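Encoded as structure tokens, the structure appears first; notes follow it.
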Amino acid sequence: MKHIYKKGAPSKPTLLMLHGTGGTEQDLLGLADFIDPEAGILSVRGNVSENGMPRFFKRLAEGVFDLEDLAIRTEELKQFLDDAAKEHEFDRENVIAIGYSNGANIAGSLIFHYQDIVKAAILHHPMVPIRDKKLPDLNGLNVLITAGDNDPICPPEETNDLKQLLENAGAQTEVFWHHNGHQLTQEEAAKAKQWYEELTK
Ligand code: MLT
């Protein structure tokens with residue numbers, strides 16, 4: 001997959017950065033640097049194109065996912081992550097996924113499919129990637145969800161359902177709300193940084 005890799009300081013996590021629809025691997029480099037300038041970065045571009053807009057998996061309509069494609073793309077990203085850890089020689093056990101919108105949804109799908117896929121995840125404006133799926137044991141996984149209570153793309157029920165599903169599978173989950181819509185706000189970035197620092201101190 002097309003990506004940017006930056007080596008981090010020893011013992012620092014590698015931040016797996018996953019952009020929103022229409023974004024690229026460049027989009028979240030500033031956020032990664034803001035959260036931890038010393039961390040490694042693996043920033044990936046989605047392999048699907050929707051009228052020229054990169055995404056991580058196909059959708060049938062706004063908010064309606066192509067579940068067959070989602071499963072294939074989730075496996076593809078897992079394989080890429082495993083291969084990238086070997087190629088770039090970073091600690092596969094110390095990866096934190098950070099995604100926005102469509103990127104948060106593929107990160108959620110990785111978590112829904114594979115046990116121990118990442119050490120932690122920061123999901124900005126995620127939805128429930130798949131319903132009616134038995135989740136792996138997520139004990140030990142920490143997840144921060146950030147959401148807007150006026151987000152027309154991810155209504156609050158999606159956020160609450162996702163939190164519940166993750167917690168039922170054993171994940172430690174926190175939700176941060178703001179009053180805006182789908183955009184990624186400075187407030188959310190500041191919360192993500194604070195949460196990350198608490199987790200990794
Ligand atoms: C998705 O398709 O993943 C969600 O609707 C969010 C987005 O618009 O990318």
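Chain labels run A, B, ... following the order of the structure tokens; each chain numbers its residues from 1, and ligands are numbered from 1 in the order shown.
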
All residues 12 Å or closer to Ser43 of chain A, only C-alpha atoms, same chain fewer than 2 positions away omitted, as a PyMOL selection string: chain A and resi 1-7+14-19+23-33+40-41+45-46+77+80-81+84+95-99+103

Kindly save the residues from that selection, with N, CA and C atoms included, as an mmCIF file, in the first residue's frame.
```cif
data_model
loop_
_atom_site.group_PDB
_atom_site.id
_atom_site.type_symbol
_atom_site.label_atom_id
_atom_site.label_comp_id
_atom_site.auth_asym_id
_atom_site.auth_seq_id
_atom_site.Cartn_x
_atom_site.Cartn_y
_atom_site.Cartn_z
ATOM 1 N N MET A 1 0.860 -1.190 0.000
ATOM 2 C CA MET A 1 0.000 0.000 0.000
ATOM 3 C C MET A 1 0.896 1.240 0.000
ATOM 4 N N LYS A 2 0.429 2.310 -0.615
ATOM 5 C CA LYS A 2 1.205 3.548 -0.656
ATOM 6 C C LYS A 2 1.264 4.105 0.773
ATOM 7 N N HIS A 3 2.451 4.489 1.210
ATOM 8 C CA HIS A 3 2.566 4.928 2.605
ATOM 9 C C HIS A 3 3.791 5.801 2.827
ATOM 10 N N ILE A 4 3.801 6.438 3.984
ATOM 11 C CA ILE A 4 4.979 7.178 4.436
ATOM 12 C C ILE A 4 5.392 6.533 5.745
ATOM 13 N N TYR A 5 6.697 6.259 5.884
ATOM 14 C CA TYR A 5 7.199 5.728 7.148
ATOM 15 C C TYR A 5 8.254 6.664 7.707
ATOM 16 N N LYS A 6 8.139 6.929 8.987
ATOM 17 C CA LYS A 6 9.174 7.701 9.679
ATOM 18 C C LYS A 6 9.574 6.932 10.926
ATOM 19 N N LYS A 7 10.834 6.686 11.088
ATOM 20 C CA LYS A 7 11.298 5.924 12.251
ATOM 21 C C LYS A 7 11.169 6.767 13.520
ATOM 22 N N THR A 14 4.741 3.137 17.239
ATOM 23 C CA THR A 14 4.547 3.546 15.846
ATOM 24 C C THR A 14 3.071 3.904 15.680
ATOM 25 N N LEU A 15 2.819 5.092 15.162
ATOM 26 C CA LEU A 15 1.438 5.562 14.970
ATOM 27 C C LEU A 15 0.987 5.198 13.561
ATOM 28 N N LEU A 16 -0.024 4.348 13.492
ATOM 29 C CA LEU A 16 -0.604 3.948 12.200
ATOM 30 C C LEU A 16 -1.681 4.973 11.857
ATOM 31 N N MET A 17 -1.394 5.836 10.882
ATOM 32 C CA MET A 17 -2.279 6.958 10.575
ATOM 33 C C MET A 17 -3.169 6.612 9.378
ATOM 34 N N LEU A 18 -4.483 6.785 9.547
ATOM 35 C CA LEU A 18 -5.462 6.366 8.537
ATOM 36 C C LEU A 18 -6.407 7.528 8.232
ATOM 37 N N HIS A 19 -6.311 8.050 7.028
ATOM 38 C CA HIS A 19 -7.023 9.277 6.641
ATOM 39 C C HIS A 19 -8.525 9.050 6.383
ATOM 40 N N GLY A 23 -8.775 11.679 1.345
ATOM 41 C CA GLY A 23 -7.488 12.101 1.893
ATOM 42 C C GLY A 23 -6.334 11.308 1.313
ATOM 43 N N THR A 24 -5.164 11.554 1.843
ATOM 44 C CA THR A 24 -3.980 10.785 1.450
ATOM 45 C C THR A 24 -3.136 10.520 2.693
ATOM 46 N N GLU A 25 -2.025 9.831 2.466
ATOM 47 C CA GLU A 25 -1.099 9.522 3.553
ATOM 48 C C GLU A 25 -0.446 10.782 4.123
ATOM 49 N N GLN A 26 -0.606 11.934 3.445
ATOM 50 C CA GLN A 26 -0.023 13.196 3.943
ATOM 51 C C GLN A 26 -0.908 13.838 5.027
ATOM 52 N N ASP A 27 -2.215 13.564 4.963
ATOM 53 C CA ASP A 27 -3.195 14.355 5.730
ATOM 54 C C ASP A 27 -2.952 14.410 7.227
ATOM 55 N N LEU A 28 -2.619 13.265 7.820
ATOM 56 C CA LEU A 28 -2.593 13.204 9.285
ATOM 57 C C LEU A 28 -1.173 13.258 9.853
ATOM 58 N N LEU A 29 -0.208 13.643 9.008
ATOM 59 C CA LEU A 29 1.173 13.728 9.504
ATOM 60 C C LEU A 29 1.291 14.809 10.585
ATOM 61 N N GLY A 30 0.567 15.915 10.389
ATOM 62 C CA GLY A 30 0.585 17.001 11.377
ATOM 63 C C GLY A 30 -0.002 16.548 12.708
ATOM 64 N N LEU A 31 -1.069 15.760 12.631
ATOM 65 C CA LEU A 31 -1.701 15.252 13.858
ATOM 66 C C LEU A 31 -0.744 14.299 14.589
ATOM 67 N N ALA A 32 -0.092 13.422 13.813
ATOM 68 C CA ALA A 32 0.868 12.478 14.420
ATOM 69 C C ALA A 32 1.979 13.246 15.126
ATOM 70 N N ASP A 33 2.492 14.268 14.469
ATOM 71 C CA ASP A 33 3.583 15.061 15.022
ATOM 72 C C ASP A 33 3.126 15.815 16.272
ATOM 73 N N GLY A 40 7.213 6.836 16.021
ATOM 74 C CA GLY A 40 7.309 6.409 14.632
ATOM 75 C C GLY A 40 5.983 6.697 13.939
ATOM 76 N N ILE A 41 6.027 6.826 12.619
ATOM 77 C CA ILE A 41 4.779 7.052 11.866
ATOM 78 C C ILE A 41 4.722 6.087 10.686
ATOM 79 N N ARG A 45 -2.136 5.162 2.611
ATOM 80 C CA ARG A 45 -3.213 5.622 1.728
ATOM 81 C C ARG A 45 -4.166 4.459 1.428
ATOM 82 N N GLY A 46 -5.460 4.716 1.514
ATOM 83 C CA GLY A 46 -6.456 3.686 1.198
ATOM 84 C C GLY A 46 -6.332 3.251 -0.257
ATOM 85 N N LEU A 77 -4.992 -4.705 4.877
ATOM 86 C CA LEU A 77 -4.296 -3.738 5.736
ATOM 87 C C LEU A 77 -3.540 -4.453 6.860
ATOM 88 N N PHE A 80 -0.456 -5.793 5.327
ATOM 89 C CA PHE A 80 0.465 -4.683 5.062
ATOM 90 C C PHE A 80 1.186 -4.273 6.343
ATOM 91 N N LEU A 81 0.423 -4.178 7.430
ATOM 92 C CA LEU A 81 0.993 -3.767 8.717
ATOM 93 C C LEU A 81 2.055 -4.778 9.185
ATOM 94 N N ALA A 84 5.053 -4.382 6.867
ATOM 95 C CA ALA A 84 5.747 -3.100 7.086
ATOM 96 C C ALA A 84 6.611 -3.170 8.350
ATOM 97 N N VAL A 95 2.092 -0.705 18.320
ATOM 98 C CA VAL A 95 1.477 0.116 17.271
ATOM 99 C C VAL A 95 0.169 0.705 17.813
ATOM 100 N N ILE A 96 -0.006 2.010 17.604
ATOM 101 C CA ILE A 96 -1.257 2.679 17.989
ATOM 102 C C ILE A 96 -1.915 3.208 16.722
ATOM 103 N N ALA A 97 -3.130 2.751 16.458
ATOM 104 C CA ALA A 97 -3.850 3.198 15.260
ATOM 105 C C ALA A 97 -4.544 4.529 15.556
ATOM 106 N N ILE A 98 -4.422 5.473 14.627
ATOM 107 C CA ILE A 98 -5.124 6.757 14.747
ATOM 108 C C ILE A 98 -5.824 7.012 13.420
ATOM 109 N N GLY A 99 -7.155 7.033 13.449
ATOM 110 C CA GLY A 99 -7.887 7.192 12.195
ATOM 111 C C GLY A 99 -8.952 8.249 12.307
ATOM 112 N N GLY A 103 -10.955 6.320 7.826
ATOM 113 C CA GLY A 103 -9.757 5.709 8.434
ATOM 114 C C GLY A 103 -10.061 5.150 9.821
#
```

Contact table chain A vs ligand 1, cut-off 12 Å, shortest pair per residue, only C-alpha atoms and all ligand atoms, as a tab-separated table:
```
residue	atom	partner	partner_atom_place_in_ligand_line	distance
A:Leu18	CA	ligand 1	9 (O)	11.0
A:His19	CA	ligand 1	9 (O)	8.9
A:Gly20	CA	ligand 1	9 (O)	5.4
A:Thr21	CA	ligand 1	9 (O)	4.4
A:Gly22	CA	ligand 1	9 (O)	8.0
A:Gly23	CA	ligand 1	9 (O)	9.5
A:Gly46	CA	ligand 1	9 (O)	11.1
A:Val48	CA	ligand 1	2 (O)	11.4
A:Ser49	CA	ligand 1	9 (O)	11.9
A:Glu50	CA	ligand 1	2 (O)	10.2
A:Met53	CA	ligand 1	9 (O)	10.0
A:Pro54	CA	ligand 1	9 (O)	9.7
A:Arg55	CA	ligand 1	9 (O)	7.2
A:Phe56	CA	ligand 1	3 (O)	7.9
A:Phe57	CA	ligand 1	3 (O)	7.7
A:Lys58	CA	ligand 1	2 (O)	7.7
A:Arg59	CA	ligand 1	2 (O)	6.0
A:Leu60	CA	ligand 1	2 (O)	8.9
A:Ala61	CA	ligand 1	2 (O)	7.9
A:Glu62	CA	ligand 1	5 (O)	5.2
A:Gly63	CA	ligand 1	5 (O)	4.1
A:Val64	CA	ligand 1	2 (O)	7.1
A:Phe65	CA	ligand 1	2 (O)	6.6
A:Asp66	CA	ligand 1	2 (O)	9.5
A:Leu67	CA	ligand 1	2 (O)	11.4
A:Leu70	CA	ligand 1	3 (O)	10.0
A:Gly99	CA	ligand 1	3 (O)	10.6
A:Tyr100	CA	ligand 1	9 (O)	8.2
A:Ser101	CA	ligand 1	6 (C)	4.6
A:Asn102	CA	ligand 1	3 (O)	3.4
A:Gly103	CA	ligand 1	3 (O)	7.0
A:Ala104	CA	ligand 1	3 (O)	7.6
A:Asn105	CA	ligand 1	3 (O)	5.5
A:Ile106	CA	ligand 1	3 (O)	7.6
A:Ala107	CA	ligand 1	3 (O)	10.4
A:Gly108	CA	ligand 1	3 (O)	10.4
A:Ser109	CA	ligand 1	3 (O)	10.6
A:Leu123	CA	ligand 1	6 (C)	11.8
A:His124	CA	ligand 1	6 (C)	10.3
A:His125	CA	ligand 1	6 (C)	7.9
A:Pro126	CA	ligand 1	6 (C)	7.3
A:Met127	CA	ligand 1	4 (C)	7.1
A:Val128	CA	ligand 1	3 (O)	9.7
A:Pro129	CA	ligand 1	3 (O)	8.2
A:Ile130	CA	ligand 1	3 (O)	11.4
A:Asp151	CA	ligand 1	6 (C)	10.7
A:Pro152	CA	ligand 1	5 (O)	9.8
A:Ile153	CA	ligand 1	5 (O)	6.1
A:Cys154	CA	ligand 1	5 (O)	7.5
A:Pro155	CA	ligand 1	5 (O)	10.8
A:Glu158	CA	ligand 1	4 (C)	11.3
A:His182	CA	ligand 1	8 (O)	8.9
A:Gln183	CA	ligand 1	8 (O)	10.7
```

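Residues in contact with Ala39 of chain A at up to 6 Å, not including ones fewer than 5 positions away on its chain and judged by only C-alpha atoms, are A:Gly8, A:Lys12, A:Pro13, A:Thr14.
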
For Leu138 of chain A: contacts at 8 Å, only C-alpha atoms, fewer than 6 positions along chain excluded, given as JSON, numbers by chain: {"A": [115, 116, 166, 169, 170, 171]}

Requested write-out: all heavy atoms of the selected residues, as a CSV table (one decimal), in the first residue's frame:
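Output below, filename part-v3.csv:
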```
chain,number,residue,atom,x,y,z
A,115,GLN,N,-7.6,-10.1,17.1
A,115,GLN,CA,-7.1,-9.9,18.5
A,115,GLN,C,-5.7,-9.4,18.5
A,115,GLN,O,-4.9,-9.8,17.6
A,115,GLN,CB,-7.2,-11.3,19.2
A,115,GLN,CG,-6.9,-11.1,20.7
A,115,GLN,CD,-7.2,-12.4,21.5
A,115,GLN,OE1,-7.5,-13.5,20.8
A,115,GLN,NE2,-7.1,-12.4,22.8
A,116,ASP,N,-5.4,-8.5,19.4
A,116,ASP,CA,-4.0,-7.9,19.5
A,116,ASP,C,-3.5,-7.3,18.2
A,116,ASP,O,-2.3,-7.3,18.0
A,116,ASP,CB,-3.0,-9.0,20.0
A,116,ASP,CG,-3.4,-9.6,21.3
A,116,ASP,OD1,-3.9,-8.8,22.2
A,116,ASP,OD2,-3.1,-10.8,21.5
A,166,LEU,N,-17.3,-2.5,22.0
A,166,LEU,CA,-15.9,-2.6,22.4
A,166,LEU,C,-15.8,-3.0,23.8
A,166,LEU,O,-15.0,-3.9,24.2
A,166,LEU,CB,-15.2,-1.3,22.1
A,166,LEU,CG,-15.0,-0.9,20.6
A,166,LEU,CD1,-14.5,0.5,20.5
A,166,LEU,CD2,-14.0,-1.9,19.9
A,169,ALA,N,-16.6,-6.6,24.6
A,169,ALA,CA,-15.5,-7.5,24.3
A,169,ALA,C,-14.3,-7.3,25.2
A,169,ALA,O,-13.3,-8.0,25.0
A,169,ALA,CB,-15.1,-7.3,22.8
A,170,GLY,N,-14.3,-6.4,26.1
A,170,GLY,CA,-13.3,-6.3,27.1
A,170,GLY,C,-12.4,-5.1,26.9
A,170,GLY,O,-11.4,-4.9,27.7
A,171,ALA,N,-12.6,-4.2,25.9
A,171,ALA,CA,-11.7,-3.1,25.7
A,171,ALA,C,-12.0,-2.0,26.7
A,171,ALA,O,-13.2,-1.9,27.2
A,171,ALA,CB,-11.9,-2.5,24.3
```

Counting only C-alpha atoms, the option among A:Ile145, A:Glu187, A:Glu68, A:Gln194 closest to Gln164 of chain A: A:Ile145

Atom-to-atom span, atom CA of Leu162 of chain A and atom CA of Glu198 of chain A, Å: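 Value for the atom CA of Leu162 of chain A-atom CA of Glu198 of chain A distance: 22.4 Å.
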
Backbone-only DSSP, helix (DSSP H, G or I) members of chain A, as a PyMOL selection string: chain A and resi 29-35+67-88+102-113+156-168+186-200

Selection near Tyr114 of chain A, 9 Å with only C-alpha atoms, sequence-local residues under 5 positions removed, as a PyMOL selection string: chain A and resi 78+109+135-137

Write the residues of the preceding selection, restricted to C-alpha atoms, as an mmCIF file, in the first residue's frame.
```cif
data_model
loop_
_atom_site.group_PDB
_atom_site.id
_atom_site.type_symbol
_atom_site.label_atom_id
_atom_site.label_comp_id
_atom_site.auth_asym_id
_atom_site.auth_seq_id
_atom_site.Cartn_x
_atom_site.Cartn_y
_atom_site.Cartn_z
ATOM 1 C CA LYS A 78 -3.434 -6.297 8.436
ATOM 2 C CA SER A 109 -12.757 -3.122 11.460
ATOM 3 C CA LEU A 135 -15.619 -9.731 18.409
ATOM 4 C CA PRO A 136 -12.274 -11.162 19.512
ATOM 5 C CA ASP A 137 -11.226 -10.865 23.159
#
```

Backbone-only DSSP, strand (DSSP E) members of segment 10-48 of chain A, as JSON, numbers by chain: {"A": [14, 15, 16, 17, 18, 40, 41, 42, 43, 44, 48]}

Save the residues we just selected, C-alpha atoms, as a PDB file, in the first residue's frame?
```
ATOM      1  CA  THR A  14       4.547   3.546  15.846  1.00  0.00           C
ATOM      2  CA  LEU A  15       1.438   5.562  14.970  1.00  0.00           C
ATOM      3  CA  LEU A  16      -0.604   3.948  12.200  1.00  0.00           C
ATOM      4  CA  MET A  17      -2.279   6.958  10.575  1.00  0.00           C
ATOM      5  CA  LEU A  18      -5.462   6.366   8.537  1.00  0.00           C
ATOM      6  CA  GLY A  40       7.309   6.409  14.632  1.00  0.00           C
ATOM      7  CA  ILE A  41       4.779   7.052  11.866  1.00  0.00           C
ATOM      8  CA  LEU A  42       3.284   4.640   9.361  1.00  0.00           C
ATOM      9  CA  SER A  43       0.795   6.702   7.377  1.00  0.00           C
ATOM     10  CA  VAL A  44      -1.100   4.729   4.753  1.00  0.00           C
ATOM     11  CA  VAL A  48      -9.926   2.046  -2.992  1.00  0.00           C
TER      12      VAL A  48
END
```

Computed interatomic separation between atom CA of Glu174 of chain A and atom CA of Leu144 of chain A (Å):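 Atom CA of Leu144 of chain A lies at a distance of 5.0 Å from atom CA of Glu174 of chain A.
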